[in-house]
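Read through the structure below, which is laid out as structure tokens, and then see the notes.
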Amino acid sequence: MTARISRWPGVELSAADLNERKVTQTRFRPDAKYAWSAGEAMSRFLAELQNGRLIARSCRRCERILFPPRMFCEECFRPTDEWIFIQDTGTIETFSVSYLDTDAKRIAEPILVGVVSLDGASPKMGMMHFFGEMTKDEIRIGMRLKAEWRPPRERQGSVLDIRYFRPLRKGEQ
Amino acid sequence: MTKVGVIGAGMTLFRRRLEETGKELCFEATKMALDSAGLTRGDVDMVVCGTAPDAFDGVAMKGEYLLDGSGGYRKPYTRVFTGGGTGVFSTIAGWWHVASGLADVVLVVNEEKMSSCQPHPQSVFAHIWDPILDRPLKPNLVWIFAMEMNRYMTVYGVKKEDIARVAVKNKRNAVGHPCAQLADPNITVDDVLNSEVMAWPVQRLDISPPSDGASAVVLASEDFIRKRRIKDRAWISGVGWCIDSTMWTDRDLVFPEYVARAAKHAYKMAKIDEPRRQIDFAEPYDPFDYKELHHLEGLLLADKGEAPILTREGVTERDGKMPVCPSGGLLGVGNPIAATMGMKIGELFWQLTGQAGKRQIPHEVHTGVSQAWGDLMQYGSVVVMRG
């Protein structure tokens, strides 16, 4: 009854009330660490990243090439069929120019990040990654890109084995 | 199926930091909702609690933790969580308790206390990302909104100033809301466009704030409402919910298909075949200004790419043809995730029973729709209510 209620409960605090311990409080810092086994599809995906290749899975029923790869098709709800290498070239579907780091702290040099859909996978299928060798003024949706891989001995079986995606150079398709 | 009505609602102030514990906030909102319905805890058969990730409060088993304040002590009690979609979904869960005939009176209590997480709840949002594909990139939650907003703007050629109008409208609408955290009667489109760029195209004033708060609603069967001669009630005439894949890099972010599916389910139940004609006002989820536009299209209240035009033409103003977020929304009132039920379900109840005070839509309204959204851009929950 918003029109008929006169008292709205809640006592506002300032950041200083908490940080300078002006209000009664208690504190706790969790110590939680995790190790995730990557599973069937992602283990192969990560191993192939170390080889400098992107791999997908096909589903014979819906005829999709699924990337990132998975062992079952969520649409047909059946096991996927084959491993298929796709290209390391693709298209920017969307992007952001971020002045925030992972903890929402401000950074001066922006991060170019977005979704790249990959050639050889079904339409719109791709991954989130960084974009490089372009400025924030040059980046645009629809831009054609290629993966810039780390040198083989620096690769660790991680999405970071690709440093970033960069614009196609002359002669590249 | 038993017909279900909302017969009471309550909420606390929404603020960046509140002194009360989550339990205390739940008690205040719940007591207010029960008082407004003229009921006591003894009248309540079952309780549904809605609250987002445990990590915000730093208390696992958060549903159990909030139990006493939610009036659920020694009663059938369930905590539900569907990400940001909880703000509307918990009412759907409450609805099926009554619609099934299992209960006559159900309390739905939603709470969020984001200030406990130090220094900023952003660090906890990191836990929603895929550990193998996304987390090595050290993503910030604002990125997903920036990417979705950019896709939406680029595909339809939407101007940032038309998106900024949503923030202006909602922060101004919130001036009439007694619980509002970020009401601003003087804000302009230029203020939004000149605010700090966080992750382009998202700027400071495009975003709703983290908040503490709680809200509660009371649901009852038609029989109960008739027997108790309860006058202030709004009927739940349709519900729908739907979720898309967590593989969010595999779909076009330009249109929230999952919201459309949830809406179609709710409209079919409510016998609505022309939503634009049959729905008088809407409370779509607006954690970011473009999300209101995105969701109006998902709710089939605007054609694809048309929502910014309707906004520019004033159609969605409180005195427009189809008022949108007359409460002030998350952008104006605040965003204590699950507790945004206070603006989504609560506002529909208050508007449909003529109790919205300064926020009351000046023309007569009979049917409203509310919607919430969450997870990795994949979840939609929709409720249609009639006066």
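How things are named: the first chain in the structure tokens is A, the next is B, and so on; residues count from 1 in each chain; ligands count from 1 in the order shown.
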
Neighbouring residues of range 112-119 of chain A were defined as those with any atom within 7 Å, considering only C-alpha atoms; residues of the same chain fewer than 4 positions away were excluded. Please report them as a PDB file with C-alpha atoms, in the first residue's frame.
```pdb
ATOM      1  CA  ILE A  86      37.718 -25.406 -37.824  1.00  0.00           C
ATOM      2  CA  GLN A  87      39.646 -22.312 -38.939  1.00  0.00           C
ATOM      3  CA  ASP A  88      41.335 -19.771 -36.676  1.00  0.00           C
ATOM      4  CA  THR A  89      39.774 -16.943 -38.675  1.00  0.00           C
ATOM      5  CA  GLY A  90      36.427 -15.339 -37.981  1.00  0.00           C
ATOM      6  CA  THR A  91      34.225 -12.258 -37.643  1.00  0.00           C
ATOM      7  CA  ILE A  92      33.534  -9.827 -34.782  1.00  0.00           C
ATOM      8  CA  GLU A  93      29.900 -10.346 -33.697  1.00  0.00           C
ATOM      9  CA  THR A  94      30.100  -7.757 -30.944  1.00  0.00           C
ATOM     10  CA  PHE A  95      32.667  -6.050 -28.744  1.00  0.00           C
ATOM     11  CA  SER A  96      33.295  -3.662 -25.867  1.00  0.00           C
ATOM     12  CA  VAL A  97      36.020  -1.128 -25.108  1.00  0.00           C
ATOM     13  CA  SER A  98      36.478  -1.716 -21.405  1.00  0.00           C
ATOM     14  CA  LYS A 124      27.151 -17.287 -34.914  1.00  0.00           C
ATOM     15  CA  MET A 125      29.159 -19.916 -33.033  1.00  0.00           C
ATOM     16  CA  GLY A 126      32.328 -18.599 -31.489  1.00  0.00           C
ATOM     17  CA  MET A 127      34.072 -17.526 -28.330  1.00  0.00           C
ATOM     18  CA  MET A 128      34.825 -14.512 -26.203  1.00  0.00           C
ATOM     19  CA  HIS A 129      38.351 -13.184 -26.652  1.00  0.00           C
ATOM     20  CA  PHE A 130      40.574 -10.122 -26.801  1.00  0.00           C
ATOM     21  CA  PHE A 131      41.187  -8.105 -29.957  1.00  0.00           C
TER      22      PHE A 131
ATOM     23  CA  MET B 147      28.585  -6.630 -25.796  1.00  0.00           C
ATOM     24  CA  THR B 249      28.805 -17.046 -27.554  1.00  0.00           C
TER      25      THR B 249
END
```

Quick one: residues within 12 Å of Ala38 in chain A, only C-alpha atoms, excluding same-chain residues fewer than 3 positions away - as a list of chain:residue names?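 So the residues in contact are A:Ala35, A:Ala41, A:Met42, A:Ser43, A:Arg44, A:Phe45, A:Leu46, A:Ala47, A:Arg70, A:Gly157, A:Ser158, B:Asp130, B:Pro131, B:Ile132, B:Leu133.
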
Nearest residue to chain B from the set A:Thr102, A:Gln156, A:Ser58, A:Asn51 (distances using only C-alpha atoms):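 Closest candidate: A:Thr102.
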
For chain B against chain A, which residues fall within 7 Å using only C-alpha atoms, given as a ChimeraX atom specification? /B:9,12-13,15,17-20,28,36,122-123,133-134,136,138-140,143,146-147,150-151,179,198-201,249-252,350,355-357

Can you pull out every residue from range 98-172 of chain A that DSSP, working from the backbone, puts in helix (DSSP H, G or I), and format the result as a PyMOL selection string? chain A and resi 152-154+159-161

Nearby residues (only C-alpha atoms) at most 6 Å from range 37-54 of chain B, same-chain spacing under 5 positions excluded, as a PyMOL selection string: chain B and resi 7-8+59-60+62+72+75-81+83+90+103+105-111+338

Let's have the selection written as a tab-separated table (two decimals), in the first residue's frame, with C-alpha atoms.
```tsv
chain	number	residue	atom	x	y	z
B	7	ILE	CA	-3.39	-9.21	-1.92
B	8	GLY	CA	-0.50	-7.40	-0.26
B	59	VAL	CA	26.35	-17.17	3.80
B	60	ALA	CA	25.75	-20.53	2.17
B	62	LYS	CA	20.95	-18.46	2.38
B	72	GLY	CA	8.67	-19.48	7.13
B	75	LYS	CA	6.11	-24.09	7.61
B	76	PRO	CA	6.55	-25.60	4.15
B	77	TYR	CA	9.31	-23.34	2.82
B	78	THR	CA	11.35	-23.27	-0.39
B	79	ARG	CA	14.10	-21.00	-1.60
B	80	VAL	CA	14.18	-20.43	-5.37
B	81	PHE	CA	16.92	-18.87	-7.43
B	83	GLY	CA	19.63	-15.44	-11.26
B	90	SER	CA	9.68	-16.39	-7.07
B	103	ALA	CA	-2.20	-23.76	-0.35
B	105	VAL	CA	-2.17	-18.25	1.28
B	106	VAL	CA	1.48	-18.04	0.28
B	107	LEU	CA	4.10	-15.48	1.22
B	108	VAL	CA	6.82	-14.65	-1.31
B	109	VAL	CA	9.83	-12.93	0.23
B	110	ASN	CA	12.87	-11.72	-1.74
B	111	GLU	CA	16.08	-10.37	-0.27
B	338	ALA	CA	15.86	-10.68	-6.20
```

May I have all residues of range 195-348 of chain B that DSSP, computed from the backbone, assigns to strand (DSSP E or B), given as a VMD selection string? chain B and resid 197 to 200 202 to 203 207 210 212 to 221 234 to 243 281 to 283 288 324 335

Name the residues in contact with range 281-294 of chain B at a cut-off of 6 Å, using only C-alpha atoms, excluding same-chain residues fewer than 6 positions from it; report them as a PyMOL selection string. chain B and resi 163+166-167+206-208+307+322-325+330+344+368-372

Contacts of Ile92 in chain B within 9 Å, only C-alpha atoms, excl. fewer than 3 positions in-chain, as a PyMOL selection string: chain B and resi 88-89+95-97+239-241+381-383

Now that the selection is made, can you save its residues with N, CA and C atoms as a compact mmCIF listing (two decimals), in the first residue's frame?
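Now in result.txt:
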```txt
# COMPACT_ATOMS: atom_id res chain seq x y z
N VAL B 88 11.00 -11.97 -10.56
CA VAL B 88 9.64 -12.30 -10.99
C VAL B 88 9.36 -13.79 -10.81
N PHE B 89 10.41 -14.60 -10.91
CA PHE B 89 10.19 -16.05 -10.85
C PHE B 89 9.67 -16.52 -9.50
N TRP B 95 2.86 -18.73 -7.02
CA TRP B 95 1.59 -18.91 -7.75
C TRP B 95 1.23 -20.40 -7.85
N TRP B 96 2.21 -21.25 -8.21
CA TRP B 96 1.85 -22.66 -8.43
C TRP B 96 1.50 -23.37 -7.11
N HIS B 97 2.01 -22.86 -5.97
CA HIS B 97 1.60 -23.42 -4.68
C HIS B 97 0.09 -23.25 -4.50
N VAL B 239 1.58 -16.77 -16.48
CA VAL B 239 2.98 -16.87 -16.05
C VAL B 239 3.78 -17.61 -17.13
N GLY B 240 5.05 -17.28 -17.26
CA GLY B 240 5.90 -17.98 -18.20
C GLY B 240 7.35 -17.81 -17.82
N TRP B 241 8.16 -18.81 -18.09
CA TRP B 241 9.59 -18.69 -17.84
C TRP B 241 10.33 -19.59 -18.81
N SER B 381 11.63 -14.41 -17.02
CA SER B 381 10.43 -14.80 -16.28
C SER B 381 9.39 -13.70 -16.46
N VAL B 382 8.14 -14.10 -16.69
CA VAL B 382 7.09 -13.14 -17.06
C VAL B 382 5.81 -13.42 -16.27
N VAL B 383 5.20 -12.37 -15.74
CA VAL B 383 3.90 -12.50 -15.06
C VAL B 383 2.95 -11.44 -15.62
```
